[in-house]
Each structure stands twice: as C-alpha cells, then as structure tokens.
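Student: Have a look at the structure that comes next, please.
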Amino acid sequence: MTMPKHTALYDEHIAAGGRMVEFAGYELPVHYTSLVDEHTSVRTRAGLFDVSHMGEVFITGPGALDFVQLVSCNDHSKMTVGRAQYTGLMYPQGTFVDDMLVHKLADDEYLLVVNAANRAKDAAYLGELAAGRAGVEVRDESDSWSQLAVQGPLAAEILQPSVRSDLSELNHFTFVFTEVCGRRALIARTGYTGEDGFEVYTSNEAAPEVWRAILAEGRPKGLLPAGLGARDTLRFEAGMSLYGHEIDDTTTPLEAGLGWIVKFKKGDYIGRDILESQKETGLDRRLVGFEMIDRGIARHGYPVYLGEGDLEPVGHVTSGTHSPTLGRALGLAYLPIEASEDGTEFLVEIRNRRAAARVVPMPFYRREKK
C-alpha cells in the first residue's frame, strides 16, 4: 500500500485543526472548521488554500511555442511574457488528457500547471510527444514547488503586505516574478473559485513562512484557511469544470461548454480534425446546469432520464450539491442536445427514485466586478 504524500504545509494543516483526507495521492485538509464557513469566507472575505499538489511542468527551448501549440487546443501565439491562458491538453480523438493553465515565462519557456491526479500521466504524455523533437525539453518540477491560493474579495488587500510588487498592477490572468516574505515567488492573478484571487508559487522551504504570514495578516480581516470541500463547492457554483467529473478522456471541449478555448484558425494541433468535424456536424450532447424541482441532491454519477417510463438513462450527473451561496440544490449533467435548452425538465435517479430537475443558465454564480 502506497502511503499518501505530504505537502510542505502538512504541519500547518495539523496545527490549524485540518481534517485530513487522501486526495490525488496526497493527504490534504477537506476542511478546518466547516465547508460552509470556509466557502462563505471566500465569497465574502477571503480564504487560503494549499494547492501544492498541483503539477508544474516546464516546456523550454527554441521550439517551446510550437510544441505548446501542438498539444493545446487554445492559441498561445499572441501571448506576451507575463500572461496566462486556460486550455485543454488534447488527445488525437479531441478529448481531454487534462485541462491546464499555460504561463508564458519567456519566448522559449512556458509553465504548464496541471491537475494533481493527472500530473504523472501528463508529464509522460508530453515527454513522449517531445521525444525526437529538436529544441524542446519537458521538465516536471512539481516536487520542487509549493502553491498557495488566496481567494476572495479581500485577497489583494491581505496578500499585498507580504509582496514586494504592486498587486494592483496585475490584471486577471497575468503573473509576475517577485518576492513574498523576502522569498522568490511567482504570483498569478488566476483562480478556481469564481472570486478575485492569487496563486503563489514558491519553494517548499519558503511555503510555511508564507502561509503563516498570510494567515496573520488575514485573520483580523476574516480570512480562513480553506480545504478541498470549499474549493469544490466554490468552483462548482462558478461553473468551472473538474477533471474526472465534467471533463475527461471521453469528453471534448465543445461538449463541455468550453468552445471558447478551441481555436481553429491557429493551424494544426492534436485533435483539431475531430473537433472541427464535431463543430460542423453538431453535438449529440452537452453539459448543462440544472436545479432540482423535487427534494434531493443529485451527486456525481447519478443517471438522468427524460421520462418516468424510460428504461435507459440518457446521461449522467457530473457534479451536484446544495449551493452554500444560493441556497438551492444544483447540479451539472450531460444531456442529449435536444433536451439541453434552458427550462427543459428531466429526471435524476436519487436512491432508486426519480426526482424532477430543470435546466438553468450557467454559471450559477457570477461575482460582481468592480
């Protein structure tokens, strides 16, 4: 039996009373106080997450851009240094190896931030594709980095005292190399909660000091350390996909409502022909948001039906919960294209009974931008 790994912040989680669970090969806090408290803190004030389990893969060399363009469905050719973009790492069948953030560090260097559960698979896939290509090197440096996320409307105010650079100069989906608590770090204004926020990438050695400094500055302002539970409900309300739920190696970006990251004019890339064909012929299914009409909470994997008498499900729930922000039972599911319009009613099988649900617009939650 393989023992779960610990991030550099493990002792900080124990000291803060974190309830630890295994996730993606790591022992991480699912919550400290309660999921609802931590979720609400991020929506109204700020939360601090340890996301050091995420993967950091570097693509370097004179052929780095061409390689990133080959493996990604988005177009990174017009990125300037200091920009980040969300995209899909693609299989030839047009489905997801993973979703990832691409950061342009230099003309010949890119940082790909990938999901923890897929890190080894992603690095191996990229390495195989790079083998024999001149001017491209793939380096998995995930074990050398810690990543902290400060998310919420007070994130900038709380993080700024620890940071040498002026955070107000960072636009959404930009980053800067700077110092945090006197330690070298990369700070990106990205996130996975639907709120304003920052990801702080630093060394494992520096991470505990940075964690404690952010907590010390933030606690008087209402910041809470937050665990995996709140991270999931926050991204769910904001309509952000989770690998293994909304997206995987059987789903395409077009089906998942991520057509905005699929660029057909940039030239050839892995999976492009399949995606172009799917766009031309039309989708058979797509991801929708829904609210429960009957009582019950739809969970991941629950089958969905169009009628009470139907013997075979037409799709499945990918994620579902009772929204802490909106106070309603909501979910995400794949439905046939003809049943995917807003207002369409269908049935979710919950504990051997079929409960009524209705398709609603996405995302469920959108923050008010100042």
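Going by the structure tokens order, chains are called A, B, ..., each with residues numbered from 1, while ligands are numbered from 1 in the order shown.
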Skip A:Asn118 itself and residues of its chain fewer than 4 positions away, then list as a PDB file with C-alpha atoms, in the first residue's frame all residues within 8 Å of it, counting only C-alpha atoms.
Tutor:
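What ended up in out36.pdb:
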ATOM      1  CA  ASP A  98      -6.209  17.244 -18.875  1.00  0.00           C
ATOM      2  CA  VAL A 114      -1.819  20.650 -14.462  1.00  0.00           C
ATOM      3  CA  ASP A 122       0.530  14.473 -18.349  1.00  0.00           C
TER       4      ASP A 122
END
Student: Residues at most 12 Å from A:Glu280, counting only C-alpha atoms, excluding those fewer than 5 positions away in the same chain, as a PyMOL selection string?
Tutor: chain A and resi 254+264+273-275
Student: Pull N, CA and C atoms from the residues just selected and write them as a PDB file, in the first residue's frame.
Tutor:
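Once written, again32.pdb looks like this:
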ATOM      1  N   LEU A 254     -15.941  21.064 -26.735  1.00  0.00           N
ATOM      2  CA  LEU A 254     -17.206  21.574 -27.272  1.00  0.00           C
ATOM      3  C   LEU A 254     -18.383  21.019 -26.487  1.00  0.00           C
ATOM      4  N   PHE A 264      -9.668  27.235 -34.127  1.00  0.00           N
ATOM      5  CA  PHE A 264      -9.478  26.505 -35.380  1.00  0.00           C
ATOM      6  C   PHE A 264      -8.575  27.243 -36.368  1.00  0.00           C
ATOM      7  N   ASP A 273      -8.836  17.951 -36.047  1.00  0.00           N
ATOM      8  CA  ASP A 273      -9.736  17.447 -37.087  1.00  0.00           C
ATOM      9  C   ASP A 273     -11.024  16.898 -36.492  1.00  0.00           C
ATOM     10  N   ILE A 274     -10.921  16.231 -35.351  1.00  0.00           N
ATOM     11  CA  ILE A 274     -12.122  15.692 -34.692  1.00  0.00           C
ATOM     12  C   ILE A 274     -13.000  16.826 -34.189  1.00  0.00           C
ATOM     13  N   LEU A 275     -12.389  17.825 -33.580  1.00  0.00           N
ATOM     14  CA  LEU A 275     -13.156  18.953 -33.051  1.00  0.00           C
ATOM     15  C   LEU A 275     -13.826  19.736 -34.180  1.00  0.00           C
TER      16      LEU A 275
END
Student: When you look at A:Ala116 with a cut-off of 10 Å (counting only C-alpha atoms), what residues show up, excluding the ones that are within fewer than 3 positions of it in the same chain? I need them as JSON, numbers by chain.
Tutor: {"A": [23, 24, 25, 26, 51, 52, 53, 54, 55, 56, 113, 119, 120, 121, 122, 142]}
Student: Once you have the residues from the selection above, write them out as a PDB file, in the first residue's frame, restricted to N, CA and C atoms.
Tutor:
ATOM      1  N   PHE A  23      -6.228  12.627  -1.229  1.00  0.00           N
ATOM      2  CA  PHE A  23      -6.721  13.170  -2.485  1.00  0.00           C
ATOM      3  C   PHE A  23      -5.563  13.239  -3.469  1.00  0.00           C
ATOM      4  N   ALA A  24      -5.726  12.585  -4.615  1.00  0.00           N
ATOM      5  CA  ALA A  24      -4.717  12.609  -5.687  1.00  0.00           C
ATOM      6  C   ALA A  24      -3.341  12.210  -5.188  1.00  0.00           C
ATOM      7  N   GLY A  25      -3.306  11.265  -4.252  1.00  0.00           N
ATOM      8  CA  GLY A  25      -2.034  10.771  -3.755  1.00  0.00           C
ATOM      9  C   GLY A  25      -1.446  11.583  -2.623  1.00  0.00           C
ATOM     10  N   TYR A  26      -2.158  12.621  -2.168  1.00  0.00           N
ATOM     11  CA  TYR A  26      -1.689  13.477  -1.085  1.00  0.00           C
ATOM     12  C   TYR A  26      -2.661  13.424   0.095  1.00  0.00           C
ATOM     13  N   VAL A  51      -2.641  24.350  -2.420  1.00  0.00           N
ATOM     14  CA  VAL A  51      -2.854  23.605  -3.666  1.00  0.00           C
ATOM     15  C   VAL A  51      -1.509  23.124  -4.220  1.00  0.00           C
ATOM     16  N   SER A  52      -0.617  22.776  -3.295  1.00  0.00           N
ATOM     17  CA  SER A  52       0.725  22.335  -3.673  1.00  0.00           C
ATOM     18  C   SER A  52       0.728  20.985  -4.375  1.00  0.00           C
ATOM     19  N   HIS A  53      -0.406  20.283  -4.324  1.00  0.00           N
ATOM     20  CA  HIS A  53      -0.488  19.003  -5.017  1.00  0.00           C
ATOM     21  C   HIS A  53      -0.606  19.165  -6.531  1.00  0.00           C
ATOM     22  N   MET A  54      -0.910  20.377  -7.006  1.00  0.00           N
ATOM     23  CA  MET A  54      -0.984  20.617  -8.445  1.00  0.00           C
ATOM     24  C   MET A  54       0.385  20.411  -9.083  1.00  0.00           C
ATOM     25  N   GLY A  55       0.398  20.144 -10.391  1.00  0.00           N
ATOM     26  CA  GLY A  55       1.648  19.865 -11.083  1.00  0.00           C
ATOM     27  C   GLY A  55       2.188  21.068 -11.830  1.00  0.00           C
ATOM     28  N   GLU A  56       3.507  21.214 -11.842  1.00  0.00           N
ATOM     29  CA  GLU A  56       4.180  22.270 -12.588  1.00  0.00           C
ATOM     30  C   GLU A  56       5.139  21.629 -13.591  1.00  0.00           C
ATOM     31  N   VAL A 113       0.538  24.390 -15.684  1.00  0.00           N
ATOM     32  CA  VAL A 113       0.045  23.959 -14.369  1.00  0.00           C
ATOM     33  C   VAL A 113      -1.099  22.980 -14.613  1.00  0.00           C
ATOM     34  N   ARG A 119      -0.901  14.480 -13.046  1.00  0.00           N
ATOM     35  CA  ARG A 119       0.460  15.001 -13.214  1.00  0.00           C
ATOM     36  C   ARG A 119       1.400  14.009 -13.892  1.00  0.00           C
ATOM     37  N   ALA A 120       1.502  12.783 -13.378  1.00  0.00           N
ATOM     38  CA  ALA A 120       2.423  11.792 -13.944  1.00  0.00           C
ATOM     39  C   ALA A 120       2.023  11.442 -15.374  1.00  0.00           C
ATOM     40  N   LYS A 121       0.721  11.272 -15.606  1.00  0.00           N
ATOM     41  CA  LYS A 121       0.222  10.956 -16.945  1.00  0.00           C
ATOM     42  C   LYS A 121       0.535  12.083 -17.917  1.00  0.00           C
ATOM     43  N   ASP A 122       0.287  13.320 -17.485  1.00  0.00           N
ATOM     44  CA  ASP A 122       0.530  14.473 -18.349  1.00  0.00           C
ATOM     45  C   ASP A 122       2.005  14.588 -18.716  1.00  0.00           C
ATOM     46  N   SER A 142       7.244  19.472 -10.359  1.00  0.00           N
ATOM     47  CA  SER A 142       6.157  19.568  -9.387  1.00  0.00           C
ATOM     48  C   SER A 142       6.624  19.383  -7.949  1.00  0.00           C
TER      49      SER A 142
END
Student: Can you tell me how far atom CA of A:Leu326 sits from atom CA of A:Phe198, in Å to one decimal?
Tutor: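 If I compute the distance from atom CA of A:Leu326 to atom CA of A:Phe198, I get 24.2 Å.
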Student: Near A:Ser203, counting only C-alpha atoms, which residues have an atom at most 7 Å away, once you skip same-chain residues fewer than 3 positions from it, shown as a PDB file with C-alpha atoms, in the first residue's frame?
Tutor:
ATOM      1  CA  SER A 144      10.096  21.398  -6.111  1.00  0.00           C
ATOM      2  CA  TRP A 145       7.187  23.840  -5.866  1.00  0.00           C
ATOM      3  CA  SER A 146       4.552  24.705  -3.314  1.00  0.00           C
ATOM      4  CA  ALA A 206       9.549  29.053   1.973  1.00  0.00           C
ATOM      5  CA  ALA A 207       5.936  27.839   1.933  1.00  0.00           C
TER       6      ALA A 207
END
Student: Write out as a ChimeraX atom specification the set of residues from stretch 93-154 of chain A that DSSP, computed on the backbone, places in alpha helix (DSSP H).
Tutor: /A:119-130
Student: Here is a test: counting only C-alpha atoms, which residue of A:Gly132, A:Gly244, A:Gly282, A:Pro208 is nearest to A:Leu9?
Tutor: A:Pro208
Student: Given only C-alpha atoms as the basis, pick out the residue of A:His13, A:Arg133, A:Arg19, A:His76 nearest to A:Val262.
Tutor: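 When distances to A:Val262 are compared using only C-alpha atoms, the smallest one comes from A:His76.
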Student: As a PyMOL selection string, please: every residue in stretch 129-239 of chain A that DSSP puts in strand (DSSP E).
Tutor: chain A and resi 137-140+145-151+175-180+183-188+197-203+224-225
Student: Can you work out which one of A:Asp166, A:Glu276, A:Glu237, A:Asp140 has the shortest atom-to-atom distance to A:Ser323, counting only C-alpha atoms?
Tutor: A:Glu237
Student: For A:Thr318, which residue out of A:Lys369, A:Arg231, A:His245, A:Arg83 is the nearest one, using only C-alpha atoms?
Tutor: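 Checking each candidate against A:Thr318, we get A:His245 as the closest.
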Student: What's the 9 Å shell around A:Gly191, counting only C-alpha atoms, without same-chain residues fewer than 6 positions away, as a PyMOL selection string?
Tutor: chain A and resi 149-151+173+197-199
Student: Of the candidates A:Ala357, A:Arg235, A:Trp260, A:Ser340, which shows the shortest atom-to-atom distance to A:Phe290, using only C-alpha atoms?
Tutor: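 The answer is A:Ala357, which sits nearest to A:Phe290.
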Student: For A:Glu368, which residue out of A:His103, A:Thr2, A:Gly194, A:Gly61 is the nearest one, using only C-alpha atoms?
Tutor: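 The shortest atom-to-atom distance to A:Glu368 comes from A:Gly194.
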